[in-house]
2 protein chains.
Amino acid sequence: MEREREERLYQMQAELCQTLADPTRLKLLTLLEDGPKAVKVLVEVTGQRQAKISQHLGLMRQRGVVRAERVGNEIHYSLTDPRFLEACRITREILLEQLTRQGNLAVPLLVEDR
Amino acid sequence: MEREREERLYQMQAELCQTLADPTRLKLLTLLEDGPKAVKVLVEVTGQRQAKISQHLGLMRQRGVVRAERVGNEIHYSLTDPRFLEACRITREILLEQLTRQGNLAVPLLVEDR
DNA sequence: TATTAATATTCAGATAATCGAATGAAGTAA
DNA sequence: TTACTTCATTCGATTATCTGAATATTAATA
């Protein structure tokens, strides 16, 4: 009973990680940091095909990471929870450190973004 | 140049998320919270097949999430960075809230583990 | 050296994810 | 209604991932 619940949680957590396990989706997530954005805008900023962006947004919405709201002709996407970015920030921090530590010292000392 | 670097970082981050996107691996990660553990122990505790555990550990090591150290007959695995668990804790927190919010109110009010 | 315990690797089958291309649907404005 | 803009979905091909089964490797021990 308690064990089963734990398993389910690990399963959900894995699914969430899977949802974040794509560079385009991570970028979209980051772009939503400052508030809702129309698909159109996200397409422009990322420079990727509209269908692709819609697919990724659809997946994220389905997984509860993002929510959609119709505004006239457009559909605006936003984060369901700002803490997703907090988790991303931590992993990014680790990766940046790994980068600078692992011989990539030619790079002019990365400043933490944000 | 700067753009390319950003792309590379998103790529790395996606790879890291992918590395965490498996319930068995998440469980292993959590089990390593209190320090290094032999594969044997991890096999016992998870109740999964040895080959499977080794495969997952191998993948995580390859991706730099855990490290391996030989101790006599055994090989002890440990986290390379405790902050991985911090990121996991955040996502788990979100998921638990979602669970309790989304009608799963029959459950006796989950206490945050840890 | 032979054996055993602990761990890793390889292989094959099944399942899932990604992407582009094409098309569909819904709202707006003429 | 027609045309246009914005967004979503479906399909098919490619590629990746997960797992069990079998086997290999490495170190300790007899």
# chains A, B, ... in the order shown; residues from 1 in each chain; ligands from 1
call {"tool": "residues_around", "arguments": {"residues": "A:Asn73", "least_positions_apart": "6", "cutoff": "8 Å", "atoms": "only C-alpha atoms (C1' of nucleotides)", "output": "VMD selection string"}}
result
(chain C and resid 27 to 28) or (chain D and resid 5 to 6)
call {"tool": "interface_residues", "arguments": {"of": "chain B", "to": "chain C", "cutoff": "9 Å", "atoms": "only C-alpha atoms (C1' of nucleotides)", "output": "list in words"}}
result
Val39, Lys40, Gln50, Ala51, Ser54, Gln55, Gly58, Asn73, Glu74 and Ile75 of chain B
call {"tool": "calpha_fit_and_write", "arguments": {"fixed": "chain A", "moving": "chain B", "output": "JSON list (two decimals) with N, CA and C atoms, in the first residue's frame"}}
result
[["chain", "number", "residue", "atom", "x", "y", "z"],
["B", 1, "MET", "N", 0.76, -1.21, -0.07],
["B", 1, "MET", "CA", -0.08, 0.00, -0.04],
["B", 1, "MET", "C", 0.80, 1.25, -0.03],
["B", 2, "GLU", "N", 1.64, 1.36, 0.97],
["B", 2, "GLU", "CA", 2.53, 2.50, 1.03],
["B", 2, "GLU", "C", 3.64, 2.36, -0.01],
["B", 3, "ARG", "N", 4.05, 1.13, -0.19],
["B", 3, "ARG", "CA", 5.07, 0.81, -1.18],
["B", 3, "ARG", "C", 4.57, 1.12, -2.59],
["B", 4, "GLU", "N", 3.34, 0.70, -2.82],
["B", 4, "GLU", "CA", 2.73, 0.92, -4.13],
["B", 4, "GLU", "C", 2.64, 2.40, -4.45],
["B", 5, "ARG", "N", 2.30, 3.16, -3.45],
["B", 5, "ARG", "CA", 2.20, 4.60, -3.61],
["B", 5, "ARG", "C", 3.55, 5.21, -3.99],
["B", 6, "GLU", "N", 4.57, 4.70, -3.33],
["B", 6, "GLU", "CA", 5.92, 5.19, -3.60],
["B", 6, "GLU", "C", 6.32, 4.88, -5.03],
["B", 7, "GLU", "N", 5.99, 3.69, -5.46],
["B", 7, "GLU", "CA", 6.28, 3.29, -6.84],
["B", 7, "GLU", "C", 5.59, 4.22, -7.82],
["B", 8, "ARG", "N", 4.34, 4.50, -7.53],
["B", 8, "ARG", "CA", 3.58, 5.38, -8.40],
["B", 8, "ARG", "C", 4.22, 6.77, -8.49],
["B", 9, "LEU", "N", 4.73, 7.22, -7.35],
["B", 9, "LEU", "CA", 5.35, 8.54, -7.33],
["B", 9, "LEU", "C", 6.63, 8.56, -8.17],
["B", 10, "TYR", "N", 7.43, 7.51, -8.02],
["B", 10, "TYR", "CA", 8.64, 7.42, -8.84],
["B", 10, "TYR", "C", 8.26, 7.40, -10.32],
["B", 11, "GLN", "N", 7.19, 6.72, -10.62],
["B", 11, "GLN", "CA", 6.72, 6.64, -12.00],
["B", 11, "GLN", "C", 6.35, 8.04, -12.51],
["B", 12, "MET", "N", 5.61, 8.76, -11.71],
["B", 12, "MET", "CA", 5.19, 10.11, -12.09],
["B", 12, "MET", "C", 6.40, 11.03, -12.26],
["B", 13, "GLN", "N", 7.32, 10.88, -11.34],
["B", 13, "GLN", "CA", 8.51, 11.73, -11.37],
["B", 13, "GLN", "C", 9.33, 11.45, -12.63],
["B", 14, "ALA", "N", 9.43, 10.18, -12.97],
["B", 14, "ALA", "CA", 10.15, 9.79, -14.19],
["B", 14, "ALA", "C", 9.47, 10.40, -15.41],
["B", 15, "GLU", "N", 8.16, 10.37, -15.39],
["B", 15, "GLU", "CA", 7.40, 10.92, -16.51],
["B", 15, "GLU", "C", 7.64, 12.43, -16.63],
["B", 16, "LEU", "N", 7.70, 13.07, -15.48],
["B", 16, "LEU", "CA", 7.96, 14.50, -15.50],
["B", 16, "LEU", "C", 9.35, 14.79, -16.07],
["B", 17, "CYS", "N", 10.32, 14.04, -15.63],
["B", 17, "CYS", "CA", 11.69, 14.22, -16.16],
["B", 17, "CYS", "C", 11.70, 13.99, -17.66],
["B", 18, "GLN", "N", 10.98, 12.98, -18.08],
["B", 18, "GLN", "CA", 10.89, 12.68, -19.51],
["B", 18, "GLN", "C", 10.30, 13.89, -20.24],
["B", 19, "THR", "N", 9.33, 14.50, -19.61],
["B", 19, "THR", "CA", 8.69, 15.67, -20.23],
["B", 19, "THR", "C", 9.70, 16.80, -20.42],
["B", 20, "LEU", "N", 10.65, 16.89, -19.52],
["B", 20, "LEU", "CA", 11.65, 17.96, -19.61],
["B", 20, "LEU", "C", 12.87, 17.54, -20.43],
["B", 21, "ALA", "N", 12.89, 16.31, -20.87],
["B", 21, "ALA", "CA", 14.10, 15.76, -21.49],
["B", 21, "ALA", "C", 14.17, 16.06, -22.98],
["B", 22, "ASP", "N", 14.03, 17.31, -23.32],
["B", 22, "ASP", "CA", 14.14, 17.71, -24.72],
["B", 22, "ASP", "C", 14.56, 19.17, -24.77],
["B", 23, "PRO", "N", 15.57, 19.48, -25.55],
["B", 23, "PRO", "CA", 16.11, 20.84, -25.56],
["B", 23, "PRO", "C", 15.08, 21.88, -25.97],
["B", 24, "THR", "N", 14.24, 21.54, -26.93],
["B", 24, "THR", "CA", 13.20, 22.48, -27.35],
["B", 24, "THR", "C", 12.22, 22.76, -26.23],
["B", 25, "ARG", "N", 11.83, 21.71, -25.54],
["B", 25, "ARG", "CA", 10.86, 21.90, -24.46],
["B", 25, "ARG", "C", 11.49, 22.69, -23.32],
["B", 26, "LEU", "N", 12.73, 22.45, -23.02],
["B", 26, "LEU", "CA", 13.40, 23.21, -21.97],
["B", 26, "LEU", "C", 13.48, 24.69, -22.34],
["B", 27, "LYS", "N", 13.73, 24.92, -23.58],
["B", 27, "LYS", "CA", 13.79, 26.31, -24.04],
["B", 27, "LYS", "C", 12.43, 26.98, -23.92],
["B", 28, "LEU", "N", 11.40, 26.27, -24.34],
["B", 28, "LEU", "CA", 10.04, 26.79, -24.23],
["B", 28, "LEU", "C", 9.72, 27.12, -22.77],
["B", 29, "LEU", "N", 10.06, 26.19, -21.91],
["B", 29, "LEU", "CA", 9.82, 26.40, -20.49],
["B", 29, "LEU", "C", 10.47, 27.69, -20.01],
["B", 30, "THR", "N", 11.70, 27.85, -20.41],
["B", 30, "THR", "CA", 12.45, 29.04, -20.00],
["B", 30, "THR", "C", 11.82, 30.30, -20.56],
["B", 31, "LEU", "N", 11.34, 30.21, -21.78],
["B", 31, "LEU", "CA", 10.73, 31.38, -22.40],
["B", 31, "LEU", "C", 9.44, 31.78, -21.70],
["B", 32, "LEU", "N", 8.84, 30.83, -21.02],
["B", 32, "LEU", "CA", 7.58, 31.14, -20.32],
["B", 32, "LEU", "C", 7.81, 31.71, -18.93],
["B", 33, "GLU", "N", 9.07, 31.90, -18.62],
["B", 33, "GLU", "CA", 9.41, 32.37, -17.28],
["B", 33, "GLU", "C", 8.73, 33.70, -16.93],
["B", 34, "ASP", "N", 8.70, 34.59, -17.89],
["B", 34, "ASP", "CA", 8.19, 35.94, -17.61],
["B", 34, "ASP", "C", 6.70, 36.09, -17.88],
["B", 35, "GLY", "N", 6.00, 34.99, -18.00],
["B", 35, "GLY", "CA", 4.57, 35.09, -18.21],
["B", 35, "GLY", "C", 4.12, 34.43, -19.49],
["B", 36, "PRO", "N", 2.83, 34.40, -19.73],
["B", 36, "PRO", "CA", 2.22, 33.71, -20.87],
["B", 36, "PRO", "C", 2.73, 34.25, -22.20],
["B", 37, "LYS", "N", 2.82, 33.36, -23.17],
["B", 37, "LYS", "CA", 3.24, 33.76, -24.51],
["B", 37, "LYS", "C", 2.43, 32.99, -25.55],
["B", 38, "ALA", "N", 2.12, 33.67, -26.64],
["B", 38, "ALA", "CA", 1.39, 33.03, -27.73],
["B", 38, "ALA", "C", 2.30, 32.05, -28.48],
["B", 39, "VAL", "N", 1.71, 31.04, -29.05],
["B", 39, "VAL", "CA", 2.46, 30.06, -29.82],
["B", 39, "VAL", "C", 3.26, 30.75, -30.91],
["B", 40, "LYS", "N", 2.61, 31.66, -31.55],
["B", 40, "LYS", "CA", 3.25, 32.43, -32.62],
["B", 40, "LYS", "C", 4.59, 33.00, -32.16],
["B", 41, "VAL", "N", 4.57, 33.61, -31.00],
["B", 41, "VAL", "CA", 5.79, 34.21, -30.46],
["B", 41, "VAL", "C", 6.85, 33.15, -30.20],
["B", 42, "LEU", "N", 6.43, 32.05, -29.61],
["B", 42, "LEU", "CA", 7.37, 30.98, -29.30],
["B", 42, "LEU", "C", 7.99, 30.41, -30.57],
["B", 43, "VAL", "N", 7.18, 30.35, -31.61],
["B", 43, "VAL", "CA", 7.68, 29.87, -32.90],
["B", 43, "VAL", "C", 8.74, 30.84, -33.42],
["B", 44, "GLU", "N", 8.42, 32.11, -33.36],
["B", 44, "GLU", "CA", 9.35, 33.12, -33.85],
["B", 44, "GLU", "C", 10.67, 33.09, -33.09],
["B", 45, "VAL", "N", 10.55, 33.11, -31.79],
["B", 45, "VAL", "CA", 11.76, 33.20, -30.96],
["B", 45, "VAL", "C", 12.65, 31.98, -31.11],
["B", 46, "THR", "N", 12.03, 30.80, -31.14],
["B", 46, "THR", "CA", 12.84, 29.59, -31.24],
["B", 46, "THR", "C", 13.33, 29.36, -32.66],
["B", 47, "GLY", "N", 12.60, 29.90, -33.62],
["B", 47, "GLY", "CA", 12.99, 29.69, -35.00],
["B", 47, "GLY", "C", 12.70, 28.28, -35.49],
["B", 48, "GLN", "N", 11.87, 27.58, -34.76],
["B", 48, "GLN", "CA", 11.53, 26.21, -35.16],
["B", 48, "GLN", "C", 10.16, 26.17, -35.84],
["B", 49, "ARG", "N", 9.90, 25.07, -36.48],
["B", 49, "ARG", "CA", 8.64, 24.93, -37.22],
["B", 49, "ARG", "C", 7.44, 24.96, -36.28],
["B", 50, "GLN", "N", 6.38, 25.53, -36.80],
["B", 50, "GLN", "CA", 5.18, 25.69, -35.97],
["B", 50, "GLN", "C", 4.65, 24.35, -35.47],
["B", 51, "ALA", "N", 4.60, 23.38, -36.35],
["B", 51, "ALA", "CA", 4.06, 22.08, -35.96],
["B", 51, "ALA", "C", 4.86, 21.49, -34.81],
["B", 52, "LYS", "N", 6.16, 21.63, -34.93],
["B", 52, "LYS", "CA", 7.03, 21.08, -33.89],
["B", 52, "LYS", "C", 6.76, 21.73, -32.54],
["B", 53, "ILE", "N", 6.68, 23.05, -32.57],
["B", 53, "ILE", "CA", 6.42, 23.77, -31.31],
["B", 53, "ILE", "C", 5.07, 23.36, -30.72],
["B", 54, "SER", "N", 4.07, 23.26, -31.57],
["B", 54, "SER", "CA", 2.75, 22.85, -31.09],
["B", 54, "SER", "C", 2.78, 21.46, -30.48],
["B", 55, "GLN", "N", 3.54, 20.59, -31.11],
["B", 55, "GLN", "CA", 3.64, 19.23, -30.58],
["B", 55, "GLN", "C", 4.25, 19.23, -29.19],
["B", 56, "HIS", "N", 5.32, 19.98, -29.05],
["B", 56, "HIS", "CA", 5.99, 20.01, -27.75],
["B", 56, "HIS", "C", 5.11, 20.67, -26.69],
["B", 57, "LEU", "N", 4.46, 21.75, -27.08],
["B", 57, "LEU", "CA", 3.56, 22.41, -26.15],
["B", 57, "LEU", "C", 2.42, 21.48, -25.75],
["B", 58, "GLY", "N", 1.91, 20.77, -26.73],
["B", 58, "GLY", "CA", 0.83, 19.84, -26.47],
["B", 58, "GLY", "C", 1.24, 18.77, -25.46],
["B", 59, "LEU", "N", 2.43, 18.26, -25.66],
["B", 59, "LEU", "CA", 2.92, 17.24, -24.74],
["B", 59, "LEU", "C", 3.06, 17.80, -23.33],
["B", 60, "MET", "N", 3.63, 18.99, -23.24],
["B", 60, "MET", "CA", 3.84, 19.59, -21.92],
["B", 60, "MET", "C", 2.51, 19.91, -21.23],
["B", 61, "ARG", "N", 1.55, 20.31, -22.04],
["B", 61, "ARG", "CA", 0.24, 20.60, -21.45],
["B", 61, "ARG", "C", -0.41, 19.32, -20.94],
["B", 62, "GLN", "N", -0.30, 18.31, -21.76],
["B", 62, "GLN", "CA", -0.85, 17.01, -21.40],
["B", 62, "GLN", "C", -0.25, 16.49, -20.10],
["B", 63, "ARG", "N", 1.01, 16.81, -19.88],
["B", 63, "ARG", "CA", 1.69, 16.34, -18.68],
["B", 63, "ARG", "C", 1.56, 17.31, -17.51],
["B", 64, "GLY", "N", 0.83, 18.38, -17.75],
["B", 64, "GLY", "CA", 0.55, 19.29, -16.64],
["B", 64, "GLY", "C", 1.64, 20.29, -16.31],
["B", 65, "VAL", "N", 2.59, 20.46, -17.23],
["B", 65, "VAL", "CA", 3.67, 21.40, -16.97],
["B", 65, "VAL", "C", 3.29, 22.81, -17.40],
["B", 66, "VAL", "N", 2.52, 22.90, -18.46],
["B", 66, "VAL", "CA", 2.04, 24.21, -18.89],
["B", 66, "VAL", "C", 0.52, 24.16, -19.07],
["B", 67, "ARG", "N", -0.05, 25.34, -19.18],
["B", 67, "ARG", "CA", -1.49, 25.40, -19.43],
["B", 67, "ARG", "C", -1.73, 26.32, -20.62],
["B", 68, "ALA", "N", -2.83, 26.13, -21.30],
["B", 68, "ALA", "CA", -3.14, 26.93, -22.49],
["B", 68, "ALA", "C", -4.42, 27.72, -22.27],
["B", 69, "GLU", "N", -4.40, 28.94, -22.79],
["B", 69, "GLU", "CA", -5.60, 29.77, -22.67],
["B", 69, "GLU", "C", -5.81, 30.50, -23.99],
["B", 70, "ARG", "N", -7.00, 30.42, -24.45],
["B", 70, "ARG", "CA", -7.33, 31.09, -25.72],
["B", 70, "ARG", "C", -7.52, 32.58, -25.49],
["B", 71, "VAL", "N", -6.87, 33.38, -26.31],
["B", 71, "VAL", "CA", -7.02, 34.83, -26.25],
["B", 71, "VAL", "C", -7.28, 35.32, -27.66],
["B", 72, "GLY", "N", -8.56, 35.43, -27.98],
["B", 72, "GLY", "CA", -8.91, 35.82, -29.34],
["B", 72, "GLY", "C", -8.42, 34.79, -30.33],
["B", 73, "ASN", "N", -7.60, 35.24, -31.22],
["B", 73, "ASN", "CA", -7.09, 34.38, -32.27],
["B", 73, "ASN", "C", -5.96, 33.48, -31.78],
["B", 74, "GLU", "N", -5.35, 33.88, -30.72],
["B", 74, "GLU", "CA", -4.14, 33.18, -30.28],
["B", 74, "GLU", "C", -4.39, 32.25, -29.12],
["B", 75, "ILE", "N", -3.41, 31.43, -28.87],
["B", 75, "ILE", "CA", -3.45, 30.59, -27.67],
["B", 75, "ILE", "C", -2.20, 30.87, -26.86],
["B", 76, "HIS", "N", -2.42, 31.28, -25.65],
["B", 76, "HIS", "CA", -1.32, 31.66, -24.78],
["B", 76, "HIS", "C", -0.98, 30.52, -23.83],
["B", 77, "TYR", "N", 0.31, 30.23, -23.78],
["B", 77, "TYR", "CA", 0.78, 29.17, -22.87],
["B", 77, "TYR", "C", 1.49, 29.79, -21.68],
["B", 78, "SER", "N", 1.31, 29.12, -20.54],
["B", 78, "SER", "CA", 2.02, 29.59, -19.34],
["B", 78, "SER", "C", 2.38, 28.41, -18.46],
["B", 79, "LEU", "N", 3.29, 28.63, -17.55],
["B", 79, "LEU", "CA", 3.70, 27.59, -16.62],
["B", 79, "LEU", "C", 2.60, 27.30, -15.61],
["B", 80, "THR", "N", 2.45, 26.06, -15.23],
["B", 80, "THR", "CA", 1.48, 25.75, -14.18],
["B", 80, "THR", "C", 2.10, 25.92, -12.80],
["B", 81, "ASP", "N", 3.41, 25.88, -12.75],
["B", 81, "ASP", "CA", 4.09, 26.02, -11.47],
["B", 81, "ASP", "C", 5.50, 26.58, -11.69],
["B", 82, "PRO", "N", 5.80, 27.71, -11.08],
["B", 82, "PRO", "CA", 7.11, 28.34, -11.30],
["B", 82, "PRO", "C", 8.26, 27.48, -10.76],
["B", 83, "ARG", "N", 7.95, 26.55, -9.90],
["B", 83, "ARG", "CA", 9.02, 25.74, -9.31],
["B", 83, "ARG", "C", 9.68, 24.81, -10.32],
["B", 84, "PHE", "N", 9.00, 24.57, -11.42],
["B", 84, "PHE", "CA", 9.65, 23.79, -12.47],
["B", 84, "PHE", "C", 10.95, 24.47, -12.89],
["B", 85, "LEU", "N", 10.88, 25.76, -12.99],
["B", 85, "LEU", "CA", 12.08, 26.51, -13.38],
["B", 85, "LEU", "C", 13.14, 26.48, -12.29],
["B", 86, "GLU", "N", 12.68, 26.42, -11.07],
["B", 86, "GLU", "CA", 13.63, 26.33, -9.95],
["B", 86, "GLU", "C", 14.44, 25.03, -10.06],
["B", 87, "ALA", "N", 13.74, 23.95, -10.34],
["B", 87, "ALA", "CA", 14.42, 22.66, -10.52],
["B", 87, "ALA", "C", 15.39, 22.74, -11.70],
["B", 88, "CYS", "N", 14.93, 23.35, -12.76],
["B", 88, "CYS", "CA", 15.78, 23.49, -13.94],
["B", 88, "CYS", "C", 17.01, 24.33, -13.63],
["B", 89, "ARG", "N", 16.82, 25.36, -12.83],
["B", 89, "ARG", "CA", 17.92, 26.24, -12.49],
["B", 89, "ARG", "C", 19.02, 25.47, -11.76],
["B", 90, "ILE", "N", 18.61, 24.59, -10.87],
["B", 90, "ILE", "CA", 19.59, 23.81, -10.11],
["B", 90, "ILE", "C", 20.40, 22.92, -11.04],
["B", 91, "THR", "N", 19.72, 22.19, -11.88],
["B", 91, "THR", "CA", 20.46, 21.29, -12.78],
["B", 91, "THR", "C", 21.35, 22.09, -13.72],
["B", 92, "ARG", "N", 20.87, 23.22, -14.15],
["B", 92, "ARG", "CA", 21.68, 24.05, -15.03],
["B", 92, "ARG", "C", 22.93, 24.56, -14.32],
["B", 93, "GLU", "N", 22.76, 24.87, -13.07],
["B", 93, "GLU", "CA", 23.88, 25.31, -12.25],
["B", 93, "GLU", "C", 24.96, 24.23, -12.20],
["B", 94, "ILE", "N", 24.51, 23.02, -11.94],
["B", 94, "ILE", "CA", 25.44, 21.89, -11.86],
["B", 94, "ILE", "C", 26.17, 21.72, -13.19],
["B", 95, "LEU", "N", 25.42, 21.80, -14.26],
["B", 95, "LEU", "CA", 26.02, 21.58, -15.58],
["B", 95, "LEU", "C", 27.03, 22.66, -15.91],
["B", 96, "LEU", "N", 26.70, 23.89, -15.57],
["B", 96, "LEU", "CA", 27.63, 24.98, -15.82],
["B", 96, "LEU", "C", 28.93, 24.78, -15.07],
["B", 97, "GLU", "N", 28.81, 24.35, -13.83],
["B", 97, "GLU", "CA", 30.02, 24.09, -13.04],
["B", 97, "GLU", "C", 30.83, 22.97, -13.67],
["B", 98, "GLN", "N", 30.15, 21.93, -14.06],
["B", 98, "GLN", "CA", 30.85, 20.82, -14.71],
["B", 98, "GLN", "C", 31.59, 21.31, -15.94],
["B", 99, "LEU", "N", 30.92, 22.16, -16.70],
["B", 99, "LEU", "CA", 31.54, 22.69, -17.91],
["B", 99, "LEU", "C", 32.81, 23.45, -17.59],
["B", 100, "THR", "N", 32.71, 24.38, -16.65],
["B", 100, "THR", "CA", 33.87, 25.21, -16.35],
["B", 100, "THR", "C", 34.98, 24.40, -15.70],
["B", 101, "ARG", "N", 34.58, 23.38, -14.89],
["B", 101, "ARG", "CA", 35.58, 22.56, -14.24],
["B", 101, "ARG", "C", 36.30, 21.66, -15.24],
["B", 102, "GLN", "N", 35.54, 21.05, -16.12],
["B", 102, "GLN", "CA", 36.11, 20.05, -17.01],
["B", 102, "GLN", "C", 36.92, 20.63, -18.15],
["B", 103, "GLY", "N", 37.97, 21.32, -17.81],
["B", 103, "GLY", "CA", 38.90, 21.75, -18.84],
["B", 103, "GLY", "C", 38.38, 22.79, -19.80],
["B", 104, "ASN", "N", 37.11, 23.08, -19.71],
["B", 104, "ASN", "CA", 36.56, 24.08, -20.61],
["B", 104, "ASN", "C", 36.89, 25.47, -20.08],
["B", 105, "LEU", "N", 38.10, 25.63, -19.66],
["B", 105, "LEU", "CA", 38.50, 26.85, -18.97],
["B", 105, "LEU", "C", 38.83, 27.99, -19.92],
["B", 106, "ALA", "N", 38.85, 27.69, -21.18],
["B", 106, "ALA", "CA", 39.10, 28.72, -22.18],
["B", 106, "ALA", "C", 37.94, 29.71, -22.22],
["B", 107, "VAL", "N", 36.78, 29.21, -21.83],
["B", 107, "VAL", "CA", 35.58, 30.05, -21.86],
["B", 107, "VAL", "C", 35.68, 31.13, -20.79],
["B", 108, "PRO", "N", 35.34, 32.34, -21.11],
["B", 108, "PRO", "CA", 35.50, 33.51, -20.24],
["B", 108, "PRO", "C", 34.62, 33.49, -18.99],
["B", 109, "LEU", "N", 34.78, 32.50, -18.16],
["B", 109, "LEU", "CA", 34.11, 32.46, -16.87],
["B", 109, "LEU", "C", 32.62, 32.80, -16.91],
["B", 110, "LEU", "N", 31.83, 31.80, -17.03],
["B", 110, "LEU", "CA", 30.39, 31.98, -17.19],
["B", 110, "LEU", "C", 29.73, 32.65, -16.00],
["B", 111, "VAL", "N", 28.90, 33.58, -16.28],
["B", 111, "VAL", "CA", 28.10, 34.20, -15.25],
["B", 111, "VAL", "C", 26.76, 33.49, -15.22],
["B", 112, "GLU", "N", 26.28, 33.25, -14.05],
["B", 112, "GLU", "CA", 25.00, 32.58, -13.92],
["B", 112, "GLU", "C", 23.93, 33.42, -14.60],
["B", 113, "ASP", "N", 23.21, 32.83, -15.51],
["B", 113, "ASP", "CA", 22.12, 33.57, -16.16],
["B", 113, "ASP", "C", 20.93, 33.57, -15.22],
["B", 114, "ARG", "N", 20.38, 34.72, -15.05],
["B", 114, "ARG", "CA", 19.19, 34.92, -14.22],
["B", 114, "ARG", "C", 19.57, 35.34, -12.84]]
call {"tool": "select_by_dssp", "arguments": {"residues": "chain A", "states": "strand (DSSP E)", "output": "ChimeraX atom specification"}}
result
/A:37-38,66-71,74-79
call {"tool": "interface_residues", "arguments": {"of": "chain D", "to": "chain A", "cutoff": "12 Å", "atoms": "only C-alpha atoms (C1' of nucleotides)", "output": "ChimeraX atom specification"}}
result
/D:4-10,17
